[in-house]
Every structure is written in C-alpha cells, then in structure tokens.
Amino acid sequence: MNKPEQNASRPPVGEVEPLTRRTFVKVGMVAAGAAYATALGYPIYRYLATPAERSAALAAVKELALADADKLPRESALMFKFAGRPAILLHHADDTWTALTAVCTHLGCTVQFDKERKAIYCACHGGVYDAKTGANISGPPPKPLALFKAQVLTGKVVISRA
Ligand code: FES
C-alpha cells in the first residue's frame, strides 16, 4: 500500500515551520496594518467619546458658588453657567432670590430677565416665564424653567440643584 504523497514545501506533521522571509514579511505587514488602524481609529474614538464624557462630568456638578453675587442690586439678574448650561440668578424687589435654568423649554434658546415686565422672556418665539417660580405663563414653552436652590451668603451666592 502506498503512503499519500506529502507536499514538499510543508514540513511533516508535528514539526514547526521554519521562519521564512515570506512569513516574516506577512507578520510585518499585519503589524504595520494594526498600527495604522490604531493611529487612525484612536482620534476618531476620542472625537466620538468626548461629548459623552463631557456631559457625564457636567452632570456631576452639584453646587456652584458665585463670588460677590450677593451684591446684585434688587430687580436685576445675573447670567451664569451651571454645569455648562446657561442659568439665571434673580434678585427681586422684595429681597427674595431665585435661580433658574436659562434654557427655554420650547426649543432651547437662552432666556433673559425682562426688567420692564418683571418676567423672564425668550426672544426666539416670545415665551414668557414667571421670574419668581419659573412657571411658563405665555407663549409656546410647554414646561416651566427648572429651579435651583440659591443660598445667599456674605460674599457669595451658592447655587445647588433643587
Ligand atoms: S425657544 Fe423659547 S419660545 Fe421658542
């Protein structure tokens, strides 16, 4: 009985193939391809991951101190950013204070204090909010502005999530 013929270029079963120039070039090409893919993919990964990481970091902000905001005159407002989003601190005529998000609940425009009307006004579509409570009182905004807790101290006002 004849044994099946073995391929002359392959080593017998159980023996390790010697490193040839062809194998060395193949391994080099795969390593260079992997390095190239990493160099190309990492900046793309960082670009895509950054907004999620940034919003997670901003969501972790629970409190903010506004230096010298206690000197804000009555019937005036101070715009600031809380966790990267616009917010507004109001000092009312009766010496009460209110801190609200300043992002309109309609389409996200930044609202501002209207001293004439003593209300918060959104210039984009005419939305109006109550300056003390943030309640939506006219126009298209579907929800009130979110309230913050404002603690007036000597030399600062501490704003925190309500
Ligand atoms: S975005 Fe404010 S009223 Fe439309």
# chains A, B, ... in the order shown; residues from 1 in each chain; ligands from 1

call {"tool": "closest_atom_pairs", "arguments": {"of": "chain A", "to": "ligand 1", "cutoff": "6 Å", "atoms": "only C-alpha atoms and all ligand atoms", "output": "tab-separated table"}}
result
residue	atom	partner	partner_atom_place_in_ligand_line	distance
A:Cys104	CA	ligand 1	2 (Fe)	4.6
A:His106	CA	ligand 1	1 (S)	4.5
A:Leu107	CA	ligand 1	1 (S)	3.9
A:Gly108	CA	ligand 1	1 (S)	5.1
A:Cys109	CA	ligand 1	1 (S)	4.6
A:Cys122	CA	ligand 1	2 (Fe)	4.7
A:Cys124	CA	ligand 1	1 (S)	5.1
A:His125	CA	ligand 1	3 (S)	4.0
A:Gly126	CA	ligand 1	3 (S)	5.1
A:Gly127	CA	ligand 1	3 (S)	4.0
A:Pro140	CA	ligand 1	3 (S)	5.3
A:Pro141	CA	ligand 1	3 (S)	5.4

call {"tool": "write_last_selection", "arguments": {"atoms": "N, CA and C atoms", "output": "PDB file, in the first residue's frame"}}
result
ATOM      1  N   CYS A 104     -34.717  77.836  27.451  1.00  0.00           N
ATOM      2  CA  CYS A 104     -36.156  77.803  27.175  1.00  0.00           C
ATOM      3  C   CYS A 104     -36.614  76.359  26.950  1.00  0.00           C
ATOM      4  N   HIS A 106     -39.070  75.465  25.260  1.00  0.00           N
ATOM      5  CA  HIS A 106     -39.664  75.276  23.934  1.00  0.00           C
ATOM      6  C   HIS A 106     -38.638  74.663  22.987  1.00  0.00           C
ATOM      7  N   LEU A 107     -37.681  75.453  22.528  1.00  0.00           N
ATOM      8  CA  LEU A 107     -36.678  74.936  21.601  1.00  0.00           C
ATOM      9  C   LEU A 107     -35.248  75.206  22.056  1.00  0.00           C
ATOM     10  N   GLY A 108     -35.083  75.565  23.317  1.00  0.00           N
ATOM     11  CA  GLY A 108     -33.742  75.630  23.877  1.00  0.00           C
ATOM     12  C   GLY A 108     -32.994  76.943  23.733  1.00  0.00           C
ATOM     13  N   CYS A 109     -33.663  78.024  23.369  1.00  0.00           N
ATOM     14  CA  CYS A 109     -32.974  79.318  23.322  1.00  0.00           C
ATOM     15  C   CYS A 109     -32.646  79.767  24.748  1.00  0.00           C
ATOM     16  N   CYS A 122     -38.243  84.884  26.455  1.00  0.00           N
ATOM     17  CA  CYS A 122     -37.465  84.184  25.434  1.00  0.00           C
ATOM     18  C   CYS A 122     -37.683  84.910  24.108  1.00  0.00           C
ATOM     19  N   CYS A 124     -36.769  84.113  21.171  1.00  0.00           N
ATOM     20  CA  CYS A 124     -36.921  83.296  19.947  1.00  0.00           C
ATOM     21  C   CYS A 124     -38.364  83.255  19.459  1.00  0.00           C
ATOM     22  N   HIS A 125     -39.314  82.943  20.345  1.00  0.00           N
ATOM     23  CA  HIS A 125     -40.711  82.841  19.929  1.00  0.00           C
ATOM     24  C   HIS A 125     -41.647  83.521  20.915  1.00  0.00           C
ATOM     25  N   GLY A 126     -41.117  84.383  21.759  1.00  0.00           N
ATOM     26  CA  GLY A 126     -41.958  85.165  22.658  1.00  0.00           C
ATOM     27  C   GLY A 126     -42.444  84.437  23.898  1.00  0.00           C
ATOM     28  N   GLY A 127     -41.772  83.403  24.316  1.00  0.00           N
ATOM     29  CA  GLY A 127     -42.177  82.704  25.544  1.00  0.00           C
ATOM     30  C   GLY A 127     -41.921  83.567  26.766  1.00  0.00           C
ATOM     31  N   PRO A 140     -45.160  79.731  23.544  1.00  0.00           N
ATOM     32  CA  PRO A 140     -45.081  78.297  23.264  1.00  0.00           C
ATOM     33  C   PRO A 140     -44.379  77.392  24.287  1.00  0.00           C
ATOM     34  N   PRO A 141     -43.629  77.892  25.269  1.00  0.00           N
ATOM     35  CA  PRO A 141     -42.940  76.948  26.164  1.00  0.00           C
ATOM     36  C   PRO A 141     -43.909  75.986  26.854  1.00  0.00           C
TER      37      PRO A 141
END

call {"tool": "residues_around", "arguments": {"residues": "segment 158-162 of chain A", "least_positions_apart": "3", "cutoff": "7 Å", "atoms": "only C-alpha atoms", "output": "CSV table (one decimal) with N, CA and C atoms, in the first residue's frame"}}
result
chain,number,residue,atom,x,y,z
A,62,LYS,N,-22.8,69.6,41.3
A,62,LYS,CA,-24.0,69.7,42.2
A,62,LYS,C,-24.1,71.0,42.8
A,63,GLU,N,-23.1,71.8,42.8
A,63,GLU,CA,-23.1,73.1,43.5
A,63,GLU,C,-22.1,74.0,42.9
A,64,LEU,N,-22.4,75.3,43.0
A,64,LEU,CA,-21.6,76.3,42.4
A,64,LEU,C,-21.7,77.6,43.3
A,65,ALA,N,-20.5,78.2,43.5
A,65,ALA,CA,-20.5,79.5,44.3
A,65,ALA,C,-20.3,80.7,43.3
A,66,LEU,N,-21.1,81.6,43.4
A,66,LEU,CA,-20.9,82.8,42.6
A,66,LEU,C,-20.4,83.9,43.5
A,147,LEU,N,-35.9,75.1,38.7
A,147,LEU,CA,-35.4,75.9,39.8
A,147,LEU,C,-34.1,75.3,40.4
A,148,PHE,N,-33.3,76.2,40.8
A,148,PHE,CA,-32.1,75.8,41.6
A,148,PHE,C,-32.4,76.3,43.0
A,149,LYS,N,-31.6,75.9,43.9
A,149,LYS,CA,-31.6,76.4,45.3
A,149,LYS,C,-30.6,77.5,45.4
A,150,ALA,N,-31.0,78.7,45.8
A,150,ALA,CA,-30.0,79.8,45.9
A,150,ALA,C,-29.8,80.2,47.4
A,151,GLN,N,-28.6,80.1,47.9
A,151,GLN,CA,-28.3,80.4,49.3
A,151,GLN,C,-27.4,81.6,49.3
A,152,VAL,N,-27.9,82.7,49.8
A,152,VAL,CA,-27.2,84.0,49.8
A,152,VAL,C,-26.4,84.1,51.1

call {"tool": "select_by_dssp", "arguments": {"residues": "segment 3-127 of chain A", "states": "helix (DSSP H, G or I)", "output": "ChimeraX atom specification"}}
result
/A:21-59,69-71

call {"tool": "select_by_dssp", "arguments": {"residues": "segment 48-115 of chain A", "states": "strand (DSSP E)", "output": "VMD selection string"}}
result
chain A and resid 63 to 67 76 to 82 85 to 91 97 to 101 112 to 114

call {"tool": "write_last_selection", "arguments": {"atoms": "N, CA and C atoms", "output": "mmCIF file, in the first residue's frame"}}
result
data_model
loop_
_atom_site.group_PDB
_atom_site.id
_atom_site.type_symbol
_atom_site.label_atom_id
_atom_site.label_comp_id
_atom_site.auth_asym_id
_atom_site.auth_seq_id
_atom_site.Cartn_x
_atom_site.Cartn_y
_atom_site.Cartn_z
ATOM 1 N N GLU A 63 -23.070 71.797 42.838
ATOM 2 C CA GLU A 63 -23.107 73.081 43.534
ATOM 3 C C GLU A 63 -22.106 74.040 42.901
ATOM 4 N N LEU A 64 -22.431 75.318 42.994
ATOM 5 C CA LEU A 64 -21.581 76.341 42.394
ATOM 6 C C LEU A 64 -21.663 77.588 43.266
ATOM 7 N N ALA A 65 -20.541 78.248 43.513
ATOM 8 C CA ALA A 65 -20.535 79.486 44.291
ATOM 9 C C ALA A 65 -20.255 80.654 43.348
ATOM 10 N N LEU A 66 -21.132 81.644 43.376
ATOM 11 C CA LEU A 66 -20.947 82.844 42.557
ATOM 12 C C LEU A 66 -20.393 83.936 43.469
ATOM 13 N N ALA A 67 -19.109 84.218 43.306
ATOM 14 C CA ALA A 67 -18.453 85.209 44.158
ATOM 15 C C ALA A 67 -19.056 86.592 43.930
ATOM 16 N N SER A 76 -32.727 92.947 39.466
ATOM 17 C CA SER A 76 -31.761 92.700 38.397
ATOM 18 C C SER A 76 -31.402 91.217 38.371
ATOM 19 N N ALA A 77 -30.712 90.843 37.320
ATOM 20 C CA ALA A 77 -30.401 89.428 37.108
ATOM 21 C C ALA A 77 -28.942 89.258 36.746
ATOM 22 N N LEU A 78 -28.452 88.078 36.997
ATOM 23 C CA LEU A 78 -27.069 87.730 36.662
ATOM 24 C C LEU A 78 -27.095 86.406 35.898
ATOM 25 N N MET A 79 -26.539 86.421 34.707
ATOM 26 C CA MET A 79 -26.450 85.196 33.926
ATOM 27 C C MET A 79 -25.176 84.462 34.337
ATOM 28 N N PHE A 80 -25.258 83.159 34.428
ATOM 29 C CA PHE A 80 -24.073 82.352 34.730
ATOM 30 C C PHE A 80 -24.266 80.979 34.094
ATOM 31 N N LYS A 81 -23.268 80.148 34.209
ATOM 32 C CA LYS A 81 -23.383 78.787 33.677
ATOM 33 C C LYS A 81 -23.343 77.805 34.824
ATOM 34 N N PHE A 82 -24.288 76.881 34.815
ATOM 35 C CA PHE A 82 -24.291 75.809 35.804
ATOM 36 C C PHE A 82 -24.143 74.506 35.028
ATOM 37 N N ARG A 85 -24.379 74.858 31.275
ATOM 38 C CA ARG A 85 -25.609 75.335 30.641
ATOM 39 C C ARG A 85 -25.990 76.697 31.224
ATOM 40 N N PRO A 86 -26.606 77.560 30.407
ATOM 41 C CA PRO A 86 -26.979 78.890 30.905
ATOM 42 C C PRO A 86 -27.975 78.821 32.063
ATOM 43 N N ALA A 87 -27.763 79.710 33.020
ATOM 44 C CA ALA A 87 -28.661 79.811 34.179
ATOM 45 C C ALA A 87 -28.769 81.281 34.546
ATOM 46 N N ILE A 88 -29.762 81.599 35.361
ATOM 47 C CA ILE A 88 -30.002 82.997 35.698
ATOM 48 C C ILE A 88 -30.315 83.122 37.190
ATOM 49 N N LEU A 89 -29.678 84.104 37.821
ATOM 50 C CA LEU A 89 -29.922 84.405 39.229
ATOM 51 C C LEU A 89 -30.656 85.734 39.279
ATOM 52 N N LEU A 90 -31.768 85.773 39.991
ATOM 53 C CA LEU A 90 -32.578 86.996 40.066
ATOM 54 C C LEU A 90 -32.689 87.468 41.507
ATOM 55 N N HIS A 91 -32.507 88.769 41.682
ATOM 56 C CA HIS A 91 -32.710 89.391 42.984
ATOM 57 C C HIS A 91 -33.950 90.265 42.837
ATOM 58 N N TRP A 97 -34.696 85.839 46.364
ATOM 59 C CA TRP A 97 -33.778 85.430 45.296
ATOM 60 C C TRP A 97 -34.335 84.199 44.585
ATOM 61 N N THR A 98 -34.066 84.095 43.312
ATOM 62 C CA THR A 98 -34.458 82.916 42.538
ATOM 63 C C THR A 98 -33.314 82.562 41.584
ATOM 64 N N ALA A 99 -33.044 81.286 41.456
ATOM 65 C CA ALA A 99 -32.066 80.816 40.465
ATOM 66 C C ALA A 99 -32.771 79.780 39.591
ATOM 67 N N LEU A 100 -32.652 79.964 38.294
ATOM 68 C CA LEU A 100 -33.358 79.103 37.334
ATOM 69 C C LEU A 100 -32.429 78.715 36.192
ATOM 70 N N THR A 101 -32.768 77.628 35.531
ATOM 71 C CA THR A 101 -32.073 77.343 34.278
ATOM 72 C C THR A 101 -32.504 78.432 33.304
ATOM 73 N N GLN A 112 -33.890 85.500 29.060
ATOM 74 C CA GLN A 112 -33.283 86.606 29.802
ATOM 75 C C GLN A 112 -34.343 87.330 30.631
ATOM 76 N N PHE A 113 -33.866 88.056 31.622
ATOM 77 C CA PHE A 113 -34.772 88.787 32.501
ATOM 78 C C PHE A 113 -35.235 90.059 31.802
ATOM 79 N N ASP A 114 -36.537 90.279 31.783
ATOM 80 C CA ASP A 114 -37.116 91.494 31.201
ATOM 81 C C ASP A 114 -37.545 92.382 32.378
#

call {"tool": "residues_around", "arguments": {"residues": "Asp130 of chain A", "least_positions_apart": "4", "cutoff": "6 Å", "atoms": "only C-alpha atoms", "output": "NGL selection string"}}
result
:A and (119 or 134-135)

call {"tool": "write_last_selection", "arguments": {"atoms": "C-alpha atoms", "output": "mmCIF file, in the first residue's frame"}}
result
data_model
loop_
_atom_site.group_PDB
_atom_site.id
_atom_site.type_symbol
_atom_site.label_atom_id
_atom_site.label_comp_id
_atom_site.auth_asym_id
_atom_site.auth_seq_id
_atom_site.Cartn_x
_atom_site.Cartn_y
_atom_site.Cartn_z
ATOM 1 C CA ALA A 119 -40.627 88.374 33.866
ATOM 2 C CA GLY A 134 -40.026 79.855 36.506
ATOM 3 C CA ALA A 135 -43.598 78.869 35.562
#

call {"tool": "residues_around", "arguments": {"residues": "Ala83 of chain A", "least_positions_apart": "5", "cutoff": "8 Å", "atoms": "only C-alpha atoms", "output": "list in words"}}
result
Leu58, Ala59 and Val61 of chain A

call {"tool": "write_last_selection", "arguments": {"atoms": "C-alpha atoms", "output": "mmCIF file, in the first residue's frame"}}
result
data_model
loop_
_atom_site.group_PDB
_atom_site.id
_atom_site.type_symbol
_atom_site.label_atom_id
_atom_site.label_comp_id
_atom_site.auth_asym_id
_atom_site.auth_seq_id
_atom_site.Cartn_x
_atom_site.Cartn_y
_atom_site.Cartn_z
ATOM 1 C CA LEU A 58 -21.001 68.230 33.878
ATOM 2 C CA ALA A 59 -23.825 66.130 35.338
ATOM 3 C CA VAL A 61 -21.650 69.255 39.189
#

call {"tool": "residues_around", "arguments": {"residues": "Lys71 of chain A", "least_positions_apart": "2", "cutoff": "9 Å", "atoms": "only C-alpha atoms", "output": "PDB file with N, CA and C atoms, in the first residue's frame"}}
result
ATOM      1  N   ASP A  68     -19.303  87.313  45.017  1.00  0.00           N
ATOM      2  CA  ASP A  68     -19.825  88.685  45.009  1.00  0.00           C
ATOM      3  C   ASP A  68     -21.234  88.811  44.418  1.00  0.00           C
ATOM      4  N   ALA A  69     -21.894  87.708  44.148  1.00  0.00           N
ATOM      5  CA  ALA A  69     -23.252  87.789  43.593  1.00  0.00           C
ATOM      6  C   ALA A  69     -24.248  88.303  44.638  1.00  0.00           C
ATOM      7  N   PRO A  73     -27.853  94.085  42.663  1.00  0.00           N
ATOM      8  CA  PRO A  73     -28.930  95.001  43.062  1.00  0.00           C
ATOM      9  C   PRO A  73     -30.309  94.359  42.898  1.00  0.00           C
ATOM     10  N   GLY A 155     -20.546  87.591  50.665  1.00  0.00           N
ATOM     11  CA  GLY A 155     -19.513  87.497  49.641  1.00  0.00           C
ATOM     12  C   GLY A 155     -19.787  86.511  48.521  1.00  0.00           C
ATOM     13  N   LYS A 156     -20.905  85.792  48.585  1.00  0.00           N
ATOM     14  CA  LYS A 156     -21.207  84.839  47.506  1.00  0.00           C
ATOM     15  C   LYS A 156     -22.658  84.362  47.579  1.00  0.00           C
TER      16      LYS A 156
END

call {"tool": "residues_around", "arguments": {"residues": "Arg74 of chain A", "least_positions_apart": "5", "cutoff": "7 Å", "atoms": "only C-alpha atoms", "output": "JSON, numbers by chain"}}
result
{"A": [91, 92, 93, 95]}

call {"tool": "atom_distance", "arguments": {"atom1": "atom CA of Pro144 of chain A", "atom2": "atom CA of Thr105 of chain A"}}
result
7.0 Å
